[in-house]
Amino acid sequence: MSDTSHGTGGLTFDKSKRSWPNEMNILFALIIIIVIFEVLGQVLPYMNNQSFLFDTKGRFDTIFNEARLQIIILQVAIIGIIALGVTQVIITAGIDLSSGPLVAATAMIAMSFAQTELVNGNPNPKAIFGLWAMDLPVMVPVLVGLLFGAMIGAINGTFVAFFRIPPFIATLGMFLICRGIALWWSSGRPVSFPTDSYKALGAGMMPVVWFLALAVLFHCILRYTVYGKHTYAIGSNEEAARMSGINVKRHKVMVYMIASMLAAFAGVVLSAKASTAQAGMGEFYELFAIAMAVIGGISLTGGRGSIIGTVLGAMVLGVIRSGFTFVKLDGSYQLMAMGGIIIAAVILDQYRQRNRA
Amino acid sequence: MTDEVVLKTEDLTKHYGGVHALEGANFEMKKGEHIAIMGDNGAGKSTFVRQITGVEQRTRGKITFYGEDVEFAGPLDAREAGIETVFQTLALADDLDVPDNLFLGREMTKLDWLGPFRLLDYKGMREATLAGLEKTAVKIPNIRNSIEKMSGGQRQCVAIARTATFHSRLTIMDEPTAALGVQETAQVENIIRTLKEAGEPLILVSHNMRQVMDLVDRIVVFRRGRIVANLNKDETDGQDIVAYITGAKTGAEYEGAA
């Protein structure tokens, strides 16, 4: 073969690495926010030179203030599990608003299969079912919860993929349906007194363990498997994905199912942690989960975003929450600050996209 | 050039409701041939391509591919049979890199028992991509950049390089240079010449007379859903072809049709 190319210049086959990853920007922002709180701790007159993250008082024999680090991540871990799922949905250019109420509905349903027969020697006052459902192995409530999540996700996915209902509307409907299910399940009464093995699922730092383990799992799945590649391809150019022979509809159903199963698992962990399930649980969780993904640099038009980004986004929210408590500003300021940061993240993303084009 | 017939259509017809977009197309292509399809907008060129590539289902007629009757249920079927198409709208995913796009929908994998979660063989795909690019003499600075960072010419080259990577048995290009600049067009035309030297059969849908006269062996002209001429490049010229396209002339053997 002769070389007939009057090329457009440049080296031919350079295998160099990808450029500066987007995740580094979020890590950078996270560090800046931590530094701001660190400085505030030194500067604000009423703070008595407290350190935000470091153990300056020598209380714990460590460099960092471990208690604060644990709280930072613990308070975002359960919503973080949801965010891992919604990240995948958003990468396909979809959205899932149903996850918060799904957390509540799953908590109610799973908890009903996790109750103990006797509470302090007396029959369980919050019993939903008869004795047959008491003291079941922990796998039963977990599987029931995951199955319920899979079902809700399959319905979401079917409406989005096969009936072509916009994801926003389909999952908004499911948002209301799930909240309704949560209220209907026990006529609004809380479901309580789970078995010890169920409680163990959410005890102590377990939510963090689940969050990080699932984050690693789905990071690998998105990056190294066919499922992950097709998820990105569909969000990037659905028509191209279809023409390439990817079964786009079936894949979307699978993505929504995985997202809802993750939300359902978050419901299990949350109810285990709280030792009770209530119909009002998980309020605004869907929005905070989306916020984590957005802060993590996901593109709402699909095709771009990563699990690492979402984990960092979760950390940003955790640090802000913890930081506002640290400088003794109450929840109202936290909400306003988070809102500002979400908008700033989207503006930054659009700016990046314009620069790229 | 051997006499083996690559593609043959008999009475290929497509109606969209009452619109006769394609009517009784008889077409034959031999191994190693490069054929151009020309015609005005709405003449039936793209409709013809869509029937062959399985994007649409024909109303009637017969398609024979390497001597076998074929009935493609979708574009994937056609591709598996060995028909690679470079579509007018680039079927590329912007956020993915070059190997990802080349192998989209038919990734090289490991641990296939994992079903949808089977692992991607990135290394294998990168190597096959480089080999494919080399074969087509396509120059891309960094195959691991996402497609969106590339120029229109490079993107088109990626789309074309798919054909070389998968040892296609027939390549179809639908207006491959319509959106490209001069240099980029030259690059794409070079790839087409490379395919010619390698004996790969090609159907080129184009409006560009110079390009057609430069690149192909035979020119088939469509007008109002029908084939109106089948010309050897050496026995015709630009003016002649324009006459067929506009309807001033109709090939003798097609008099009855048009």
# chains A, B, ... in the order shown; residues from 1 in each chain; ligands from 1
call {"tool": "interface_residues", "arguments": {"of": "chain B", "to": "chain A", "cutoff": "9 Å", "atoms": "only C-alpha atoms", "output": "ChimeraX atom specification"}}
result
/B:55,74-77,79,90-96,100-101,103-107,109,115-122,130,133-135,137-146,148-149,183-184,186-187,190-191,193-194,197-198
call {"tool": "select_by_dssp", "arguments": {"residues": "segment 167-300 of chain A", "states": "strand (DSSP E)", "output": "list of chain:residue names"}}
result
A:Val191, A:Ser192, A:Thr276, A:Ala277
call {"tool": "residues_around", "arguments": {"residues": "segment 191-205 of chain A", "least_positions_apart": "5", "cutoff": "6 Å", "atoms": "only C-alpha atoms", "output": "PyMOL selection string"}}
result
chain A and resi 114-116+126+138+269+272-273+276-277
call {"tool": "write_last_selection", "arguments": {"atoms": "N, CA and C atoms", "output": "short mmCIF file (atom, residue, chain, number, x, y, z; two decimals), in the first residue's frame"}}
result
data_model
loop_
_atom_site.label_atom_id
_atom_site.label_comp_id
_atom_site.auth_asym_id
_atom_site.auth_seq_id
_atom_site.Cartn_x
_atom_site.Cartn_y
_atom_site.Cartn_z
N ALA A 114 -38.64 -7.40 58.81
CA ALA A 114 -37.44 -7.44 59.66
C ALA A 114 -37.78 -7.26 61.13
N GLN A 115 -39.06 -7.36 61.47
CA GLN A 115 -39.45 -7.07 62.85
C GLN A 115 -39.17 -8.25 63.77
N THR A 116 -38.98 -7.93 65.04
CA THR A 116 -38.82 -8.99 66.04
C THR A 116 -40.17 -9.32 66.65
N LYS A 126 -45.58 -2.65 67.10
CA LYS A 126 -45.69 -2.08 65.76
C LYS A 126 -45.82 -3.16 64.69
N VAL A 138 -32.00 -11.97 57.91
CA VAL A 138 -31.85 -10.61 57.41
C VAL A 138 -31.93 -10.54 55.89
N VAL A 269 -30.83 0.56 54.35
CA VAL A 269 -29.77 1.00 55.25
C VAL A 269 -30.27 2.12 56.17
N ALA A 272 -32.50 0.68 58.79
CA ALA A 272 -31.69 -0.09 59.73
C ALA A 272 -30.95 0.85 60.68
N LYS A 273 -30.44 1.94 60.13
CA LYS A 273 -29.71 2.92 60.93
C LYS A 273 -30.64 3.57 61.96
N THR A 276 -36.18 2.27 62.57
CA THR A 276 -37.61 2.47 62.34
C THR A 276 -37.81 2.92 60.90
N ALA A 277 -39.03 2.75 60.41
CA ALA A 277 -39.35 3.23 59.08
C ALA A 277 -40.58 4.10 59.16
#
call {"tool": "select_by_dssp", "arguments": {"residues": "segment 32-218 of chain B", "states": "helix (DSSP H, G or I)", "output": "ChimeraX atom specification"}}
result
/B:45-52,75-81,98-102,112-117,122-135,147-149,152-165,182-197,209-215
call {"tool": "residues_around", "arguments": {"residues": "Arg250 of chain A", "least_positions_apart": "6", "cutoff": "9 Å", "atoms": "only C-alpha atoms", "output": "ChimeraX atom specification"}}
result
/A:157-158,161-162
call {"tool": "residues_around", "arguments": {"residues": "Ile227 of chain B", "least_positions_apart": "5", "cutoff": "9 Å", "atoms": "only C-alpha atoms", "output": "JSON list (two decimals) with C-alpha atoms, in the first residue's frame"}}
result
[["chain", "number", "residue", "atom", "x", "y", "z"],
["B", 22, "LEU", "CA", -37.97, 4.20, -5.06],
["B", 23, "GLU", "CA", -39.45, 2.32, -7.97],
["B", 24, "GLY", "CA", -38.15, -0.88, -9.56],
["B", 25, "ALA", "CA", -34.43, -0.35, -9.08],
["B", 26, "ASN", "CA", -32.25, -2.94, -10.82],
["B", 27, "PHE", "CA", -28.65, -2.57, -9.75],
["B", 43, "ALA", "CA", -34.25, 11.34, -6.46],
["B", 44, "GLY", "CA", -34.19, 8.19, -4.33],
["B", 220, "VAL", "CA", -25.62, 5.25, -11.66],
["B", 221, "VAL", "CA", -28.06, 8.14, -11.92],
["B", 222, "PHE", "CA", -31.36, 8.30, -10.07],
["B", 254, "TYR", "CA", -34.39, 2.82, -19.18],
["B", 257, "ALA", "CA", -39.16, 3.31, -16.95],
["B", 258, "ALA", "CA", -38.88, 7.08, -16.88]]
call {"tool": "closest_residue", "arguments": {"among": "B:Ile192, B:Leu102, B:Ala252, B:Ala78", "to": "Gln51 of chain B", "atoms": "only C-alpha atoms"}}
result
B:Ala78
call {"tool": "closest_residue", "arguments": {"among": "B:Asp112, B:Asp69, B:Asp174, B:Asp11", "to": "Met38 of chain B", "atoms": "only C-alpha atoms"}}
result
B:Asp174
call {"tool": "residues_around", "arguments": {"residues": "segment 172-188 of chain A", "least_positions_apart": "2", "cutoff": "6 Å", "atoms": "only C-alpha atoms", "output": "ChimeraX atom specification"}}
result
/A:97-98,101-102,104-105,168-170,279
call {"tool": "write_last_selection", "arguments": {"atoms": "C-alpha atoms", "output": "short mmCIF file (atom, residue, chain, number, x, y, z; two decimals), in the first residue's frame"}}
result
data_model
loop_
_atom_site.label_atom_id
_atom_site.label_comp_id
_atom_site.auth_asym_id
_atom_site.auth_seq_id
_atom_site.Cartn_x
_atom_site.Cartn_y
_atom_site.Cartn_z
CA LEU A 97 -36.97 12.01 40.73
CA SER A 98 -38.60 9.00 42.36
CA PRO A 101 -40.07 8.48 48.13
CA LEU A 102 -38.77 5.09 46.99
CA ALA A 104 -39.42 5.67 52.26
CA ALA A 105 -41.60 3.03 50.59
CA PHE A 168 -38.80 13.98 34.27
CA ILE A 169 -42.53 13.30 34.00
CA ALA A 170 -42.35 9.50 34.31
CA ALA A 279 -43.61 7.29 55.51
#
call {"tool": "decode", "arguments": {"residues": "segment 168-190 of chain B", "atoms": "C-alpha atoms", "output": "compact mmCIF listing (two decimals), in the first residue's frame"}}
result
# COMPACT_ATOMS: atom_id res chain seq x y z
CA SER B 168 -16.34 -5.23 5.39
CA ARG B 169 -17.46 -6.87 2.19
CA LEU B 170 -19.18 -3.72 0.93
CA THR B 171 -18.70 -0.12 1.97
CA ILE B 172 -21.38 2.50 1.44
CA MET B 173 -20.66 6.18 1.92
CA ASP B 174 -23.53 8.66 1.92
CA GLU B 175 -22.17 12.15 1.11
CA PRO B 176 -18.96 11.60 3.04
CA THR B 177 -17.44 15.00 2.23
CA ALA B 178 -20.54 17.21 2.12
CA ALA B 179 -19.59 19.04 5.33
CA LEU B 180 -15.82 19.06 4.92
CA GLY B 181 -13.21 21.63 3.91
CA VAL B 182 -10.81 21.23 0.99
CA GLN B 183 -7.99 19.55 2.88
CA GLU B 184 -10.30 17.28 4.78
CA THR B 185 -12.08 16.27 1.59
CA ALA B 186 -8.72 15.36 0.10
CA GLN B 187 -8.02 13.21 3.13
CA VAL B 188 -11.29 11.33 2.76
CA GLU B 189 -10.74 10.90 -0.98
CA ASN B 190 -7.36 9.39 -0.26
